[in-house]
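Below is one structure, written out as structure tokens; the observations come after it.
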4 protein chains.
Amino acid sequence: MTINIGIIGAGRIGRIHAENIATQVQGASAFAIADTHLPAAQETAAKLGIPNVSDTHRDMLANPDVHAVAICSITDTHAQYIIEAAQAGKHIFCEKPIDYNLARIDEALAAVEKAGVKLQIGFNRRFDPNFCYAREVITSGQIGEPHLIRITSRDPEPAPMEHLQHSAGLLMETTIHDFDMVRFLMDSPVTEIYAAASVLVAPYYADFGHVDTAMTMLRFESGALGVIDNSYGAVYGYDQRAEVLGPKGAVSTDNQTANRTVLNDANGIHSPNPLYFFPERYANAYAIEMQAFVDAITNDTPVPVTGADGRAPVVMALAALKSIKENRPVKLSEFDL
Amino acid sequence: MTINIGIIGAGRIGRIHAENIATQVQGASAFAIADTHLPAAQETAAKLGIPNVSDTHRDMLANPDVHAVAICSITDTHAQYIIEAAQAGKHIFCEKPIDYNLARIDEALAAVEKAGVKLQIGFNRRFDPNFCYAREVITSGQIGEPHLIRITSRDPEPAPMEHLQHSAGLLMETTIHDFDMVRFLMDSPVTEIYAAASVLVAPYYADFGHVDTAMTMLRFESGALGVIDNSYGAVYGYDQRAEVLGPKGAVSTDNQTANRTVLNDANGIHSPNPLYFFPERYANAYAIEMQAFVDAITNDTPVPVTGADGRAPVVMALAALKSIKENRPVKLSEFDL
Amino acid sequence: MTINIGIIGAGRIGRIHAENIATQVQGASAFAIADTHLPAAQETAAKLGIPNVSDTHRDMLANPDVHAVAICSITDTHAQYIIEAAQAGKHIFCEKPIDYNLARIDEALAAVEKAGVKLQIGFNRRFDPNFCYAREVITSGQIGEPHLIRITSRDPEPAPMEHLQHSAGLLMETTIHDFDMVRFLMDSPVTEIYAAASVLVAPYYADFGHVDTAMTMLRFESGALGVIDNSYGAVYGYDQRAEVLGPKGAVSTDNQTANRTVLNDANGIHSPNPLYFFPERYANAYAIEMQAFVDAITNDTPVPVTGADGRAPVVMALAALKSIKENRPVKLSEFDL
Amino acid sequence: MTINIGIIGAGRIGRIHAENIATQVQGASAFAIADTHLPAAQETAAKLGIPNVSDTHRDMLANPDVHAVAICSITDTHAQYIIEAAQAGKHIFCEKPIDYNLARIDEALAAVEKAGVKLQIGFNRRFDPNFCYAREVITSGQIGEPHLIRITSRDPEPAPMEHLQHSAGLLMETTIHDFDMVRFLMDSPVTEIYAAASVLVAPYYADFGHVDTAMTMLRFESGALGVIDNSYGAVYGYDQRAEVLGPKGAVSTDNQTANRTVLNDANGIHSPNPLYFFPERYANAYAIEMQAFVDAITNDTPVPVTGADGRAPVVMALAALKSIKENRPVKLSEFDL
């Protein structure tokens, strides 16, 4: 049976998922698309041959031939759409984060629970072959129980000024991926977070109360320690690395590049930069995560990234934000875990 | 307009092209498939939704809705099918080599010329991002006029014994790709070839008069020198590299790996092997070459790999075979260029 | 004129310096050696042909032919020996740290100041070709004003239990090198430190109130952020890396290995581990730093690592220790800067 | 007992050996130096404190306190000096090649044999840690019996015009090292050689009948195949690599660089070039080979590179030169083996 999927939101990430569903994912069909800005939905529908187009997600929720939705709209709408989709009996793929508010997240997860539908959160990096293999090395015991973890997560450029008004900020939009990666690679829970942040790349970030540079330290229940460094100014490309040290060794991931061609000239040895940004670096990961969602529906098996997996990094981001505000280490137990 | 393509041959390479046409190539449709062993054609057709299936290529040649064919059958049939397809007015993508016989190749190319259809030969490596970028570095003058070229082209395993009876041998099946790569990267023509070969990997190769290991030296008109090394026993994976030295520097390509994850343990630093074989390494290249073929038809522009490009490496392979037989350097001018 | 140097202390680091002075350093002579355990001094003297041997440093201080001393004894004695040597008019090379007590350090520096002799502190990593080149890249403006710095500094094994009683601990013995490296690579001063530490590698560290794993976050006056990660359990070898990100790029240093030979087999690509520990990794650096000390005497130019450079990392280590104890970020201004 | 060594020839390589003997080699003394141009000998003697200086090697041969000589004079003199030194009962280290003439080599080796002194030939690359480790990987069976070998050996610049008149040419001066490396890494003997050469880097080479670019193919008795590529125009630095493929894997050596520091900027990833030329790349190897010579004398054990090891690559170079001249593969059996 083909899983008919309706895509809610025809922005950048919505188009990525729509195209993967239409061309790469086995056992699924890009069946409907909705965007409050109708021309955006129409354009993507035309390009990919999506038969049902609307300016509201309600049409696809009302359509009994739609089996699942992919929520790719702005974050403010995620919780509401999850609730509506659950009530309509649709399986749900939702982009991260579910919401910035824990009560609102819990309301959405309760609706999913009640409806008995599947919910997968879009932490795409878990499907990147580099991080997958690093996790495999760790869980197979090749480095032993982790002692240290370092995550580097840097964007090649800051967001343009006009995006900042509606931005939830670096910690909630970018570091949240790294908090998830920490949970993916480490089996001990984080207990305490200390974070610091600056505006160093784009001065206009300060005008919106935002930061473009951050460093976050983590303590784990096991005694392990971790750090995440973030910047919106890595001009050499999207820098996405992780390294975990244990008593038997260390595993680390390097960046992907467009090719492995090297030029040696009188000035040195030159090789290509990391892939520029997330659409290039995580092209595979986006396709693999959607395939996993479709497979979980088809085979009625658990999704690989659950609602609880979607909630936990939000708690970590809230702790980090509190730490920055109060300049002190913040225990996760200060929040409703 | 969508280019309707008929695939002739549903073996390994036929299935790769059929799947790319069906799922990746823009502006094309996997419209028909034929295989003398009908079930093979039927299976691929079913999997990819190809509407027209037959046990003979003649059906698709007779179908006015077929605009182009992709010849993926055994080499013996290539020239004949090219002639028939040309006479039927179809554009032609043909796997390498066109034939082992120069007269037969010339007959096929004459038919294409007369019919005025497009013919593209399947030298997929020209579309690999590594070799493409190396060529770009060279043609843009970054290393100057080449002095030396080294090509490594090693398979991870020998062919099974049952394939050897119909094999044209290492020089004609494998080195032919490297001869094409030499032409792709160097702008001076090869004038003389010296080759040596051995059976070192799989003793049963000797029973069929075949070799599994070879080294081929090349002289270029410019005075540049080159070497190709081939083996069917690179147990660490498909080893596909090139290096060109010029007066201003050198460019070299490394292998692609499944990921960039590294394990450091007490025994050393360990990273993943090259992708295992051609379907993995050249997955992208196959899709890009077919897109290029379709684009050339759609826009009525020249194909990137012509019939002449298909013929030249056959001459080089014939010279290399003669060199091995007579243990002497052989000038290409001994053949009908 | 040859600078006659007296080495105080014939332990591991004393022997390294004695051998470099005897065999590598130009313009210097290994003229005297003293160790309270006389046979140790005698053994090194015999091996290297050092003419003057004693069980007390006082002999070399009294010898007018001695121009300079290299203090390589245990840390407790550094300040006292600096004072005595200064009063004797000898130039001084002193191993780090000067002392763990700021008042004691100030007393020693005052004696040096008064005597007008040169004092160079043994922060050897500043002379390692990797870190030197990284600094050159930064100071020449190639990455712009730094935003982030990450330092990894891991030992391949913990100290044996019998050494722990007299140890000043990881932060004061190991991280102190990293604090110096931070000062070497960044031109903005550190203003605040937050550190966390654990016992994860060798449980007996806890019995002595010591730690074997630590992570330290740094804020700089410029707004830049930094992190140092330390472990005594990097079984793959001495892991000594730094990375600095600025608005125009990033510079990073990798580890040195015994050779650049790579084995590809069916299990992957294998290369040699980092050099095992500091005598191997910093062999060059030790020779270069001693040459720099001798050159500063010979040419009467400033030493490259001053007494103030020796004091500053001690303040940072004290701040880190206070941070660990009180679990809060500690401003350096809480100390007598 | 200290081995007193007399150095014959105070040119570039003579100074390298003199300095190593004076400062690095254990158990040896730089005891005498001679150069027909006396000021050259005097300058090196002064710098290194060598007590005996002369404008003729005869003085050191007549000195009973000299135990061994290091012949670093021009190649024309090697055989003669070997004979005289052997007759004087001195152990002999001689720079490669012994001579270009096999009869002359045999005369020298006979004198050594008769005198019962030790003779070690200066094939320094055998002592480079990269090639040593590659050999260890091979001889320990980790890649199995070799099938293919590739050697790259490129100088960063051609010789100046004034040196060419007395040069023996690329094959005899440079490739001879590679022929030795082939013998060092492969346990099967070379049976046949095919070589080609060009003038591409420095046109004035043609005026002296010399070449600056060459490629040499080798057949081994085992059926293995090999290639050596040489150029005098590798502007990115001294390029010294080897790669050996066997049925269980491949081993390869990369170049050494001044440091492992990497710059990532908007244009790519940049790392340092290979060490510029032989004095930098083989600094360690020269010291280790001389230590090995001294150790062989001290312990009365066989030298690691014998007279026969010095003769064999000359035969290979002669075969390669004949191959170039006659443009055909040349069997080594055409020479007096």
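The chains in the structure tokens are called A, B, ... from first to last as shown; in each chain the residues are counted from 1, and the ligands are counted from 1 in the order shown.
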Please return, as a short mmCIF file (atom, residue, chain, number, x, y, z; two decimals) with C-alpha atoms, in the first residue's frame, all residues of range 57-250 of chain C that DSSP assigns to strand (DSSP E) on the basis of the backbone.
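Final output, saved to out-v9.cif:
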data_model
loop_
_atom_site.label_atom_id
_atom_site.label_comp_id
_atom_site.auth_asym_id
_atom_site.auth_seq_id
_atom_site.Cartn_x
_atom_site.Cartn_y
_atom_site.Cartn_z
CA ALA C 68 72.55 30.47 33.45
CA VAL C 69 70.53 27.78 35.18
CA ALA C 70 67.70 25.56 34.04
CA ILE C 71 65.42 24.81 36.98
CA HIS C 91 69.97 33.93 33.95
CA ILE C 92 67.11 31.55 34.60
CA PHE C 93 65.12 29.06 32.62
CA CYS C 94 62.42 27.64 34.90
CA LEU C 119 63.81 34.59 33.27
CA GLN C 120 62.12 32.31 30.78
CA ILE C 121 59.28 29.98 31.78
CA LEU C 148 35.85 30.73 19.28
CA ILE C 149 38.78 28.67 20.49
CA ARG C 150 38.80 24.95 21.28
CA ILE C 151 41.74 23.19 22.84
CA THR C 152 42.04 19.45 23.27
CA SER C 153 44.76 18.29 25.61
CA ARG C 154 44.67 14.65 26.60
CA VAL C 190 40.22 35.85 29.51
CA THR C 191 37.82 37.47 31.97
CA GLU C 192 35.82 34.55 33.36
CA ILE C 193 36.17 30.79 33.71
CA TYR C 194 33.71 27.98 34.33
CA ALA C 195 35.08 24.47 34.85
CA ALA C 196 33.79 21.01 35.66
CA ALA C 197 35.73 17.86 36.44
CA SER C 198 35.25 14.15 37.05
CA THR C 213 38.80 14.49 33.29
CA ALA C 214 37.89 18.15 32.98
CA MET C 215 36.22 20.69 30.77
CA THR C 216 36.81 24.41 31.12
CA MET C 217 34.90 27.23 29.45
CA LEU C 218 36.41 30.66 28.95
CA ARG C 219 35.00 34.10 28.23
CA PHE C 220 37.26 36.68 26.65
CA LEU C 225 34.33 32.08 23.88
CA GLY C 226 36.61 29.14 24.48
CA VAL C 227 36.77 25.60 25.79
CA ILE C 228 39.51 23.27 26.93
CA ASP C 229 38.89 19.56 27.27
CA ASN C 230 41.26 17.38 29.27
CA SER C 231 41.50 13.68 29.93
CA ASP C 239 46.13 14.31 21.85
CA GLN C 240 47.19 17.93 21.47
CA ARG C 241 45.07 20.04 19.21
CA ALA C 242 43.80 23.59 18.96
CA GLU C 243 41.24 25.23 16.73
CA VAL C 244 40.39 28.90 16.39
CA LEU C 245 37.44 30.28 14.42
CA GLY C 246 37.30 33.85 13.19
CA GLY C 249 38.11 31.31 8.52
CA ALA C 250 39.38 28.77 10.99
#
Spatial neighbours of Leu337 in chain B, 10 Å, only C-alpha atoms, chain gap at least 2 places, as a ChimeraX atom specification: /B:102,311-312,315-316,332-335
Could you work out how far CA of Gly223 in chain D lies from CA of Asp207 in chain B, giving the answer in Å with one decimal?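 Atom-to-atom, CA of Asp207 in chain B to CA of Gly223 in chain D, that is 16.5 Å.
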Expressed in Å, the length from CA of Gly89 in chain A to CA of Ala115 in chain A is 6.4 Å
Return as a PDB file with all heavy atoms, in the first residue's frame the residues belonging to chain D that are within 7 Å of chain C, counting only C-alpha atoms.
ATOM      1  N   THR D  23      77.001  15.579  15.960  1.00  0.00           N
ATOM      2  CA  THR D  23      75.996  15.979  16.955  1.00  0.00           C
ATOM      3  C   THR D  23      74.955  14.912  17.278  1.00  0.00           C
ATOM      4  O   THR D  23      74.354  14.961  18.337  1.00  0.00           O
ATOM      5  CB  THR D  23      75.240  17.247  16.485  1.00  0.00           C
ATOM      6  OG1 THR D  23      74.505  16.918  15.302  1.00  0.00           O
ATOM      7  CG2 THR D  23      76.191  18.391  16.208  1.00  0.00           C
ATOM      8  N   PRO D 129      61.407   6.841   8.205  1.00  0.00           N
ATOM      9  CA  PRO D 129      60.393   6.106   8.981  1.00  0.00           C
ATOM     10  C   PRO D 129      59.181   5.661   8.152  1.00  0.00           C
ATOM     11  O   PRO D 129      58.582   4.634   8.455  1.00  0.00           O
ATOM     12  CB  PRO D 129      59.978   7.126  10.052  1.00  0.00           C
ATOM     13  CG  PRO D 129      61.155   8.036  10.200  1.00  0.00           C
ATOM     14  CD  PRO D 129      61.767   8.114   8.829  1.00  0.00           C
ATOM     15  N   ASN D 130      58.842   6.406   7.122  1.00  0.00           N
ATOM     16  CA  ASN D 130      57.692   6.026   6.303  1.00  0.00           C
ATOM     17  C   ASN D 130      57.975   4.761   5.513  1.00  0.00           C
ATOM     18  O   ASN D 130      57.190   3.814   5.527  1.00  0.00           O
ATOM     19  CB  ASN D 130      57.346   7.166   5.339  1.00  0.00           C
ATOM     20  CG  ASN D 130      56.977   8.423   6.076  1.00  0.00           C
ATOM     21  OD1 ASN D 130      55.900   8.521   6.621  1.00  0.00           O
ATOM     22  ND2 ASN D 130      57.912   9.378   6.138  1.00  0.00           N
ATOM     23  N   TYR D 133      58.409   1.691   7.736  1.00  0.00           N
ATOM     24  CA  TYR D 133      57.174   1.111   8.236  1.00  0.00           C
ATOM     25  C   TYR D 133      56.427   0.390   7.106  1.00  0.00           C
ATOM     26  O   TYR D 133      55.827  -0.672   7.323  1.00  0.00           O
ATOM     27  CB  TYR D 133      56.306   2.201   8.858  1.00  0.00           C
ATOM     28  CG  TYR D 133      55.075   1.648   9.511  1.00  0.00           C
ATOM     29  CD1 TYR D 133      55.174   0.809  10.619  1.00  0.00           C
ATOM     30  CD2 TYR D 133      53.815   1.927   9.013  1.00  0.00           C
ATOM     31  CE1 TYR D 133      54.045   0.282  11.215  1.00  0.00           C
ATOM     32  CE2 TYR D 133      52.684   1.410   9.606  1.00  0.00           C
ATOM     33  CZ  TYR D 133      52.801   0.585  10.704  1.00  0.00           C
ATOM     34  OH  TYR D 133      51.676   0.058  11.283  1.00  0.00           O
ATOM     35  N   ALA D 134      56.487   0.951   5.899  1.00  0.00           N
ATOM     36  CA  ALA D 134      55.847   0.288   4.759  1.00  0.00           C
ATOM     37  C   ALA D 134      56.471  -1.097   4.544  1.00  0.00           C
ATOM     38  O   ALA D 134      55.769  -2.096   4.331  1.00  0.00           O
ATOM     39  CB  ALA D 134      55.998   1.141   3.499  1.00  0.00           C
ATOM     40  N   LYS D 248      45.995  -8.975   0.044  1.00  0.00           N
ATOM     41  CA  LYS D 248      45.291  -8.725   1.304  1.00  0.00           C
ATOM     42  C   LYS D 248      45.153  -7.237   1.626  1.00  0.00           C
ATOM     43  O   LYS D 248      44.565  -6.882   2.654  1.00  0.00           O
ATOM     44  CB  LYS D 248      46.018  -9.435   2.449  1.00  0.00           C
ATOM     45  CG  LYS D 248      45.919 -10.957   2.356  1.00  0.00           C
ATOM     46  CD  LYS D 248      46.985 -11.699   3.136  1.00  0.00           C
ATOM     47  CE  LYS D 248      46.907 -11.503   4.623  1.00  0.00           C
ATOM     48  NZ  LYS D 248      48.000 -12.250   5.318  1.00  0.00           N
ATOM     49  N   GLY D 249      45.691  -6.375   0.775  1.00  0.00           N
ATOM     50  CA  GLY D 249      45.576  -4.945   1.040  1.00  0.00           C
ATOM     51  C   GLY D 249      46.670  -4.171   0.353  1.00  0.00           C
ATOM     52  O   GLY D 249      47.438  -4.715  -0.456  1.00  0.00           O
ATOM     53  N   ALA D 250      46.723  -2.901   0.654  1.00  0.00           N
ATOM     54  CA  ALA D 250      47.736  -2.021   0.066  1.00  0.00           C
ATOM     55  C   ALA D 250      48.333  -1.168   1.164  1.00  0.00           C
ATOM     56  O   ALA D 250      47.659  -0.813   2.125  1.00  0.00           O
ATOM     57  CB  ALA D 250      47.109  -1.128  -0.993  1.00  0.00           C
ATOM     58  N   VAL D 251      49.619  -0.862   0.995  1.00  0.00           N
ATOM     59  CA  VAL D 251      50.265   0.052   1.923  1.00  0.00           C
ATOM     60  C   VAL D 251      50.800   1.220   1.118  1.00  0.00           C
ATOM     61  O   VAL D 251      51.311   1.032   0.006  1.00  0.00           O
ATOM     62  CB  VAL D 251      51.379  -0.653   2.728  1.00  0.00           C
ATOM     63  CG1 VAL D 251      52.482  -1.160   1.834  1.00  0.00           C
ATOM     64  CG2 VAL D 251      51.939   0.241   3.810  1.00  0.00           C
ATOM     65  N   SER D 252      50.649   2.430   1.654  1.00  0.00           N
ATOM     66  CA  SER D 252      51.142   3.593   0.931  1.00  0.00           C
ATOM     67  C   SER D 252      51.725   4.589   1.913  1.00  0.00           C
ATOM     68  O   SER D 252      51.334   4.641   3.068  1.00  0.00           O
ATOM     69  CB  SER D 252      50.021   4.238   0.126  1.00  0.00           C
ATOM     70  OG  SER D 252      48.977   4.633   0.977  1.00  0.00           O
ATOM     71  N   THR D 253      52.686   5.343   1.412  1.00  0.00           N
ATOM     72  CA  THR D 253      53.315   6.364   2.251  1.00  0.00           C
ATOM     73  C   THR D 253      52.988   7.730   1.685  1.00  0.00           C
ATOM     74  O   THR D 253      53.021   7.932   0.479  1.00  0.00           O
ATOM     75  CB  THR D 253      54.848   6.202   2.256  1.00  0.00           C
ATOM     76  OG1 THR D 253      55.330   6.420   0.926  1.00  0.00           O
ATOM     77  CG2 THR D 253      55.260   4.822   2.700  1.00  0.00           C
ATOM     78  N   ASP D 254      52.671   8.649   2.564  1.00  0.00           N
ATOM     79  CA  ASP D 254      52.437  10.029   2.139  1.00  0.00           C
ATOM     80  C   ASP D 254      53.673  10.866   2.484  1.00  0.00           C
ATOM     81  O   ASP D 254      54.580  10.396   3.164  1.00  0.00           O
ATOM     82  CB  ASP D 254      51.189  10.581   2.819  1.00  0.00           C
ATOM     83  CG  ASP D 254      50.569  11.732   2.024  1.00  0.00           C
ATOM     84  OD1 ASP D 254      51.222  12.252   1.106  1.00  0.00           O
ATOM     85  OD2 ASP D 254      49.434  12.109   2.332  1.00  0.00           O
ATOM     86  N   ASN D 255      53.703  12.084   1.999  1.00  0.00           N
ATOM     87  CA  ASN D 255      54.837  12.958   2.273  1.00  0.00           C
ATOM     88  C   ASN D 255      54.805  13.515   3.692  1.00  0.00           C
ATOM     89  O   ASN D 255      53.754  13.598   4.319  1.00  0.00           O
ATOM     90  CB  ASN D 255      54.841  14.122   1.272  1.00  0.00           C
ATOM     91  CG  ASN D 255      55.215  13.657  -0.114  1.00  0.00           C
ATOM     92  OD1 ASN D 255      56.284  13.101  -0.309  1.00  0.00           O
ATOM     93  ND2 ASN D 255      54.323  13.846  -1.076  1.00  0.00           N
ATOM     94  N   GLN D 256      55.957  13.908   4.183  1.00  0.00           N
ATOM     95  CA  GLN D 256      56.057  14.615   5.457  1.00  0.00           C
ATOM     96  C   GLN D 256      55.883  16.107   5.209  1.00  0.00           C
ATOM     97  O   GLN D 256      56.347  16.629   4.195  1.00  0.00           O
ATOM     98  CB  GLN D 256      57.440  14.395   6.070  1.00  0.00           C
ATOM     99  CG  GLN D 256      57.750  12.978   6.450  1.00  0.00           C
ATOM    100  CD  GLN D 256      57.007  12.485   7.669  1.00  0.00           C
ATOM    101  OE1 GLN D 256      56.665  11.316   7.766  1.00  0.00           O
ATOM    102  NE2 GLN D 256      56.711  13.357   8.602  1.00  0.00           N
ATOM    103  N   ASN D 259      54.334  20.928   9.302  1.00  0.00           N
ATOM    104  CA  ASN D 259      53.423  20.856  10.442  1.00  0.00           C
ATOM    105  C   ASN D 259      52.082  20.320   9.956  1.00  0.00           C
ATOM    106  O   ASN D 259      51.882  20.114   8.765  1.00  0.00           O
ATOM    107  CB  ASN D 259      53.281  22.223  11.130  1.00  0.00           C
ATOM    108  CG  ASN D 259      52.704  23.267  10.207  1.00  0.00           C
ATOM    109  OD1 ASN D 259      51.561  23.191   9.790  1.00  0.00           O
ATOM    110  ND2 ASN D 259      53.529  24.254   9.842  1.00  0.00           N
ATOM    111  N   ARG D 260      51.169  20.087  10.911  1.00  0.00           N
ATOM    112  CA  ARG D 260      49.856  19.526  10.587  1.00  0.00           C
ATOM    113  C   ARG D 260      48.768  20.569  10.801  1.00  0.00           C
ATOM    114  O   ARG D 260      47.647  20.250  11.197  1.00  0.00           O
ATOM    115  CB  ARG D 260      49.585  18.300  11.480  1.00  0.00           C
ATOM    116  CG  ARG D 260      50.625  17.202  11.449  1.00  0.00           C
ATOM    117  CD  ARG D 260      50.593  16.393  10.159  1.00  0.00           C
ATOM    118  NE  ARG D 260      49.317  15.838   9.849  1.00  0.00           N
ATOM    119  CZ  ARG D 260      48.861  14.649  10.261  1.00  0.00           C
ATOM    120  NH1 ARG D 260      49.617  13.880  10.996  1.00  0.00           N
ATOM    121  NH2 ARG D 260      47.671  14.222   9.929  1.00  0.00           N
ATOM    122  N   THR D 261      49.104  21.810  10.543  1.00  0.00           N
ATOM    123  CA  THR D 261      48.155  22.895  10.753  1.00  0.00           C
ATOM    124  C   THR D 261      47.369  23.151   9.473  1.00  0.00           C
ATOM    125  O   THR D 261      47.935  23.148   8.388  1.00  0.00           O
ATOM    126  CB  THR D 261      48.903  24.164  11.193  1.00  0.00           C
ATOM    127  OG1 THR D 261      49.593  23.862  12.399  1.00  0.00           O
ATOM    128  CG2 THR D 261      47.954  25.312  11.435  1.00  0.00           C
ATOM    129  N   VAL D 262      46.072  23.367   9.617  1.00  0.00           N
ATOM    130  CA  VAL D 262      45.175  23.496   8.480  1.00  0.00           C
ATOM    131  C   VAL D 262      44.415  24.804   8.585  1.00  0.00           C
ATOM    132  O   VAL D 262      43.941  25.161   9.662  1.00  0.00           O
ATOM    133  CB  VAL D 262      44.188  22.313   8.492  1.00  0.00           C
ATOM    134  CG1 VAL D 262      43.096  22.508   7.456  1.00  0.00           C
ATOM    135  CG2 VAL D 262      44.925  21.009   8.243  1.00  0.00           C
ATOM    136  N   LEU D 263      44.313  25.497   7.459  1.00  0.00           N
ATOM    137  CA  LEU D 263      43.510  26.722   7.399  1.00  0.00           C
ATOM    138  C   LEU D 263      42.279  26.476   6.535  1.00  0.00           C
ATOM    139  O   LEU D 263      42.406  26.031   5.397  1.00  0.00           O
ATOM    140  CB  LEU D 263      44.350  27.859   6.797  1.00  0.00           C
ATOM    141  CG  LEU D 263      43.589  29.148   6.453  1.00  0.00           C
ATOM    142  CD1 LEU D 263      43.036  29.813   7.699  1.00  0.00           C
ATOM    143  CD2 LEU D 263      44.492  30.110   5.690  1.00  0.00           C
ATOM    144  N   ASN D 264      41.114  26.733   7.106  1.00  0.00           N
ATOM    145  CA  ASN D 264      39.862  26.692   6.327  1.00  0.00           C
ATOM    146  C   ASN D 264      39.423  28.122   6.092  1.00  0.00           C
ATOM    147  O   ASN D 264      39.167  28.846   7.060  1.00  0.00           O
ATOM    148  CB  ASN D 264      38.729  26.052   7.159  1.00  0.00           C
ATOM    149  CG  ASN D 264      38.809  24.568   7.249  1.00  0.00           C
ATOM    150  OD1 ASN D 264      39.895  24.014   7.204  1.00  0.00           O
ATOM    151  ND2 ASN D 264      37.668  23.932   7.398  1.00  0.00           N
ATOM    152  N   ASP D 265      39.332  28.530   4.837  1.00  0.00           N
ATOM    153  CA  ASP D 265      38.764  29.851   4.585  1.00  0.00           C
ATOM    154  C   ASP D 265      37.744  29.744   3.469  1.00  0.00           C
ATOM    155  O   ASP D 265      37.374  28.629   3.065  1.00  0.00           O
ATOM    156  CB  ASP D 265      39.863  30.892   4.315  1.00  0.00           C
ATOM    157  CG  ASP D 265      40.662  30.591   3.064  1.00  0.00           C
ATOM    158  OD1 ASP D 265      40.156  29.860   2.183  1.00  0.00           O
ATOM    159  OD2 ASP D 265      41.788  31.107   2.959  1.00  0.00           O
ATOM    160  N   ALA D 266      37.283  30.879   2.995  1.00  0.00           N
ATOM    161  CA  ALA D 266      36.202  30.828   2.017  1.00  0.00           C
ATOM    162  C   ALA D 266      36.620  30.121   0.730  1.00  0.00           C
ATOM    163  O   ALA D 266      35.774  29.652  -0.034  1.00  0.00           O
ATOM    164  CB  ALA D 266      35.719  32.249   1.717  1.00  0.00           C
TER     165      ALA D 266
END
Mind checking which residues fall within 6 Å of range 174-189 of chain B, counting only C-alpha atoms, ignoring those fewer than 6 positions away in the same chain, and posting them as a PyMOL selection string? chain B and resi 135+220-222+313
Pairwise distance for CA of His166 in chain B and CA of Gly233 in chain B, rounded to one decimal in Å: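 Here the two named atoms are 20.2 Å from each other.
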Residue set, range 22-213 of chain A restricted to alpha helix (DSSP H), as a count of residues only: 76
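The residue set within 9 Å of Gly169 in chain C, counting only C-alpha atoms and dropping same-chain residues fewer than 3 places from it, reads C:Leu164, C:His166, C:Met172, C:Glu173, C:Thr174, C:Gly209, C:His210, C:Val211, C:Asp212.
The neighbours of Arg58 in chain C here are the residues that come within 9 Å of it, using only C-alpha atoms and leaving out any residue fewer than 3 positions away in the same chain; they are Ala34, Ser54, Asp55, Leu61, Ala62, Asn63, Glu84 and Ala85 of chain C.
Omitting Tyr81 in chain A and its sequence neighbours fewer than 5 positions away, and counting only C-alpha atoms, the residues within 9 Å are Ile8, His57, Ile71, Ala86 and Ala108 of chain A.
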Go ahead and save the picked residues with N, CA, C and O atoms, as a compact mmCIF listing (two decimals), in the first residue's frame.
# COMPACT_ATOMS: atom_id res chain seq x y z
N ILE A 8 2.37 20.09 4.74
CA ILE A 8 1.83 21.37 5.23
C ILE A 8 2.98 22.38 5.28
O ILE A 8 3.89 22.25 6.09
N HIS A 57 -4.37 23.58 5.53
CA HIS A 57 -4.11 22.17 5.85
C HIS A 57 -5.40 21.42 6.14
O HIS A 57 -5.44 20.20 6.15
N ILE A 71 4.42 18.14 8.71
CA ILE A 71 4.22 19.52 9.14
C ILE A 71 5.53 20.29 8.98
O ILE A 71 6.51 20.05 9.67
N ALA A 86 -3.78 14.73 14.57
CA ALA A 86 -4.03 13.55 15.40
C ALA A 86 -5.53 13.28 15.49
O ALA A 86 -5.99 12.14 15.33
N ALA A 108 0.16 18.68 22.79
CA ALA A 108 0.24 18.04 21.47
C ALA A 108 0.53 16.54 21.62
O ALA A 108 -0.09 15.70 20.95
Residues within 6 Å of range 284-292 of chain C, only C-alpha atoms, excluding chain neighbours under 2 positions, as a list of chain:residue names: C:Asn20, C:Val25, C:Asn124, C:Phe127, C:Asp128, C:Tyr282, C:Val294, C:Asp295
